[in-house]
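A.B. asks: Quick one: this structure, given as structure tokens, is what I'll be asking you about.
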Amino acid sequence: MAYLLVHFWPEATEENYRAEIAAVHPKEGLPIGQQYHVAGPSEGGFLIAAVWDSKEHMETFVQEILLPAQPVVGGFPNPVVERTAEVFNQQSA
């Protein structure tokens, strides 16, 4: 079942996002198991949403790649606000 991960970083910028992505994403494409990735500035910070093919792939990425890379020089300045959900409805154009 697909899994949704949403991260919001208060006071973060596009520059912080670019530093983080350079440190934790492959140079081409998406991490293994990630189907979809969107990101952009939001009121008061920066928002990222990713759809994974499973909760297990998401957890593997977070535990084995994202967290060990922290802190990233020039990366996000504040603790993340995280939300997750099992996806029961996924549509695309």
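As shown in the structure tokens, the chain order sets the letters A, B, ...; within each chain, residues go from 1, and ligands are also counted from 1 in the order they appear.
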Can you tell me which residues surround Phe46 of chain A at a distance of at most 6 Å, considering only C-alpha atoms, apart from same-chain residues fewer than 6 positions away, and format the answer as a list in words?

C.D. replies: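 The neighbour list is Phe8, Trp9, Ala12 and Gly40 of chain A.
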
A.B. asks: Near His7 of chain A, counting only C-alpha atoms, which residues have an atom at most 6 Å away, once you skip same-chain residues fewer than 3 positions from it, shown as a PyMOL selection string?

C.D. replies: chain A and resi 47-48+81-82

A.B. asks: Would you mind exporting the chosen residues as a PDB file, in the first residue's frame, restricted to N, CA and C atoms?

C.D. replies:
```pdb
ATOM      1  N   LEU A  47       7.704  23.169   2.632  1.00  0.00           N
ATOM      2  CA  LEU A  47       6.877  21.973   2.712  1.00  0.00           C
ATOM      3  C   LEU A  47       7.305  20.964   1.658  1.00  0.00           C
ATOM      4  N   ILE A  48       7.401  19.695   2.063  1.00  0.00           N
ATOM      5  CA  ILE A  48       7.737  18.595   1.143  1.00  0.00           C
ATOM      6  C   ILE A  48       6.715  17.486   1.352  1.00  0.00           C
ATOM      7  N   VAL A  81       8.357  19.176  11.290  1.00  0.00           N
ATOM      8  CA  VAL A  81       7.011  18.773  11.688  1.00  0.00           C
ATOM      9  C   VAL A  81       6.608  17.713  10.673  1.00  0.00           C
ATOM     10  N   GLU A  82       6.368  16.498  11.140  1.00  0.00           N
ATOM     11  CA  GLU A  82       6.130  15.372  10.237  1.00  0.00           C
ATOM     12  C   GLU A  82       4.718  14.831  10.386  1.00  0.00           C
TER      13      GLU A  82
END
```

A.B. asks: Would you kindly return, as a list in words, each protein, DNA or RNA residue with an atom no farther than 8 Å from any atom of Ile32 of chain A, considering only C-alpha atoms and excluding same-chain residues fewer than 2 positions away?

C.D. replies: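 Listing them by chain and then by number gives Leu30, Gln34 and His57 of chain A.
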
A.B. asks: Pick out the closest residue to Pro79 of chain A from this set: A:Glu28, A:Glu43, A:Glu11, A:Ala2. Count only C-alpha atoms.

C.D. replies: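 With only C-alpha atoms as the atom set, the closest residue is A:Glu11.
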
A.B. asks: Out of chain A, which residues get helix (DSSP H, G or I) from DSSP, as a PyMOL selection string?

C.D. replies: chain A and resi 14-24+55-69

A.B. asks: Write the selection just made, keeping N, CA and C atoms, as a PDB file, in the first residue's frame?

C.D. replies:
```pdb
ATOM      1  N   GLU A  14      14.237  27.769   0.140  1.00  0.00           N
ATOM      2  CA  GLU A  14      14.567  26.935  -1.008  1.00  0.00           C
ATOM      3  C   GLU A  14      16.048  26.544  -0.980  1.00  0.00           C
ATOM      4  N   GLU A  15      16.903  27.432  -0.548  1.00  0.00           N
ATOM      5  CA  GLU A  15      18.336  27.128  -0.464  1.00  0.00           C
ATOM      6  C   GLU A  15      18.587  25.991   0.521  1.00  0.00           C
ATOM      7  N   ASN A  16      17.879  25.999   1.676  1.00  0.00           N
ATOM      8  CA  ASN A  16      18.001  24.903   2.636  1.00  0.00           C
ATOM      9  C   ASN A  16      17.551  23.590   2.000  1.00  0.00           C
ATOM     10  N   TYR A  17      16.424  23.648   1.288  1.00  0.00           N
ATOM     11  CA  TYR A  17      15.896  22.462   0.614  1.00  0.00           C
ATOM     12  C   TYR A  17      16.901  21.899  -0.386  1.00  0.00           C
ATOM     13  N   ARG A  18      17.482  22.765  -1.202  1.00  0.00           N
ATOM     14  CA  ARG A  18      18.440  22.304  -2.217  1.00  0.00           C
ATOM     15  C   ARG A  18      19.657  21.638  -1.573  1.00  0.00           C
ATOM     16  N   ALA A  19      20.117  22.157  -0.447  1.00  0.00           N
ATOM     17  CA  ALA A  19      21.246  21.542   0.263  1.00  0.00           C
ATOM     18  C   ALA A  19      20.874  20.156   0.784  1.00  0.00           C
ATOM     19  N   GLU A  20      19.684  20.031   1.339  1.00  0.00           N
ATOM     20  CA  GLU A  20      19.225  18.740   1.856  1.00  0.00           C
ATOM     21  C   GLU A  20      19.081  17.712   0.736  1.00  0.00           C
ATOM     22  N   ILE A  21      18.434  18.105  -0.349  1.00  0.00           N
ATOM     23  CA  ILE A  21      18.212  17.178  -1.462  1.00  0.00           C
ATOM     24  C   ILE A  21      19.545  16.715  -2.044  1.00  0.00           C
ATOM     25  N   ALA A  22      20.500  17.625  -2.163  1.00  0.00           N
ATOM     26  CA  ALA A  22      21.816  17.253  -2.688  1.00  0.00           C
ATOM     27  C   ALA A  22      22.485  16.205  -1.802  1.00  0.00           C
ATOM     28  N   ALA A  23      22.193  16.250  -0.503  1.00  0.00           N
ATOM     29  CA  ALA A  23      22.826  15.327   0.437  1.00  0.00           C
ATOM     30  C   ALA A  23      22.125  13.977   0.533  1.00  0.00           C
ATOM     31  N   VAL A  24      20.813  13.920   0.264  1.00  0.00           N
ATOM     32  CA  VAL A  24      20.082  12.680   0.555  1.00  0.00           C
ATOM     33  C   VAL A  24      19.375  12.030  -0.634  1.00  0.00           C
ATOM     34  N   LYS A  55       5.263   1.777   3.340  1.00  0.00           N
ATOM     35  CA  LYS A  55       5.760   2.350   4.583  1.00  0.00           C
ATOM     36  C   LYS A  55       7.186   1.876   4.828  1.00  0.00           C
ATOM     37  N   GLU A  56       7.478   0.641   4.485  1.00  0.00           N
ATOM     38  CA  GLU A  56       8.805   0.079   4.708  1.00  0.00           C
ATOM     39  C   GLU A  56       9.880   0.819   3.913  1.00  0.00           C
ATOM     40  N   HIS A  57       9.599   1.137   2.636  1.00  0.00           N
ATOM     41  CA  HIS A  57      10.571   1.896   1.848  1.00  0.00           C
ATOM     42  C   HIS A  57      10.781   3.291   2.439  1.00  0.00           C
ATOM     43  N   MET A  58       9.716   3.923   2.897  1.00  0.00           N
ATOM     44  CA  MET A  58       9.831   5.240   3.510  1.00  0.00           C
ATOM     45  C   MET A  58      10.688   5.158   4.770  1.00  0.00           C
ATOM     46  N   GLU A  59      10.413   4.176   5.621  1.00  0.00           N
ATOM     47  CA  GLU A  59      11.167   4.030   6.866  1.00  0.00           C
ATOM     48  C   GLU A  59      12.641   3.729   6.601  1.00  0.00           C
ATOM     49  N   THR A  60      12.921   2.909   5.602  1.00  0.00           N
ATOM     50  CA  THR A  60      14.305   2.599   5.244  1.00  0.00           C
ATOM     51  C   THR A  60      15.037   3.873   4.825  1.00  0.00           C
ATOM     52  N   PHE A  61      14.407   4.677   3.977  1.00  0.00           N
ATOM     53  CA  PHE A  61      15.018   5.940   3.550  1.00  0.00           C
ATOM     54  C   PHE A  61      15.291   6.847   4.745  1.00  0.00           C
ATOM     55  N   VAL A  62      14.294   7.021   5.602  1.00  0.00           N
ATOM     56  CA  VAL A  62      14.449   7.920   6.749  1.00  0.00           C
ATOM     57  C   VAL A  62      15.558   7.420   7.672  1.00  0.00           C
ATOM     58  N   GLN A  63      15.549   6.130   8.019  1.00  0.00           N
ATOM     59  CA  GLN A  63      16.499   5.592   8.990  1.00  0.00           C
ATOM     60  C   GLN A  63      17.908   5.406   8.435  1.00  0.00           C
ATOM     61  N   GLU A  64      18.031   5.014   7.164  1.00  0.00           N
ATOM     62  CA  GLU A  64      19.342   4.672   6.616  1.00  0.00           C
ATOM     63  C   GLU A  64      19.995   5.789   5.803  1.00  0.00           C
ATOM     64  N   ILE A  65      19.206   6.767   5.331  1.00  0.00           N
ATOM     65  CA  ILE A  65      19.773   7.820   4.487  1.00  0.00           C
ATOM     66  C   ILE A  65      19.536   9.209   5.081  1.00  0.00           C
ATOM     67  N   LEU A  66      18.282   9.552   5.342  1.00  0.00           N
ATOM     68  CA  LEU A  66      17.963  10.910   5.787  1.00  0.00           C
ATOM     69  C   LEU A  66      18.563  11.244   7.151  1.00  0.00           C
ATOM     70  N   LEU A  67      18.250  10.453   8.170  1.00  0.00           N
ATOM     71  CA  LEU A  67      18.724  10.776   9.517  1.00  0.00           C
ATOM     72  C   LEU A  67      20.242  10.710   9.654  1.00  0.00           C
ATOM     73  N   PRO A  68      20.920   9.690   9.089  1.00  0.00           N
ATOM     74  CA  PRO A  68      22.377   9.671   9.207  1.00  0.00           C
ATOM     75  C   PRO A  68      23.068  10.860   8.529  1.00  0.00           C
ATOM     76  N   ALA A  69      22.421  11.490   7.557  1.00  0.00           N
ATOM     77  CA  ALA A  69      23.024  12.626   6.846  1.00  0.00           C
ATOM     78  C   ALA A  69      22.908  13.934   7.625  1.00  0.00           C
TER      79      ALA A  69
END
```

A.B. asks: DSSP on the backbone, then: every residue of chain A marked strand (DSSP E), written as a PyMOL selection string.

C.D. replies: chain A and resi 3-10+34-42+45-52+81-86

A.B. asks: For atom CA of Pro10 of chain A and atom CA of Val38 of chain A, quote the distance in Å rounded to one decimal.

C.D. replies: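 Interatomic distance here is 17.0 Å.
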
A.B. asks: Interatomic distance between atom CA of Gln90 of chain A and atom CA of Gly44 of chain A?

C.D. replies: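 Atom CA of Gln90 of chain A sits 27.8 Å away from atom CA of Gly44 of chain A.
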
A.B. asks: For a test of reading the model, state the distance in Å between atom CA of Thr84 of chain A and atom CA of Gly45 of chain A, rounded to one decimal.

C.D. replies: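 Between atom CA of Thr84 of chain A and atom CA of Gly45 of chain A the gap works out to 18.5 Å.
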
A.B. asks: Could you check the closest approach to Ser92 of chain A for each of A:Pro41, A:Tyr36, A:Gln70, A:Trp52 and tell me which residue wins, using only C-alpha atoms?

C.D. replies: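 Ranked by minimum distance to Ser92 of chain A, first place goes to A:Tyr36.
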
A.B. asks: When you count only C-alpha atoms, which of these residues is closest to Arg83 of chain A: A:Leu5, A:His37, A:Asp53, A:His25?

C.D. replies: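 Among A:Leu5, A:His37, A:Asp53, A:His25, it is A:Leu5 that comes nearest to Arg83 of chain A.
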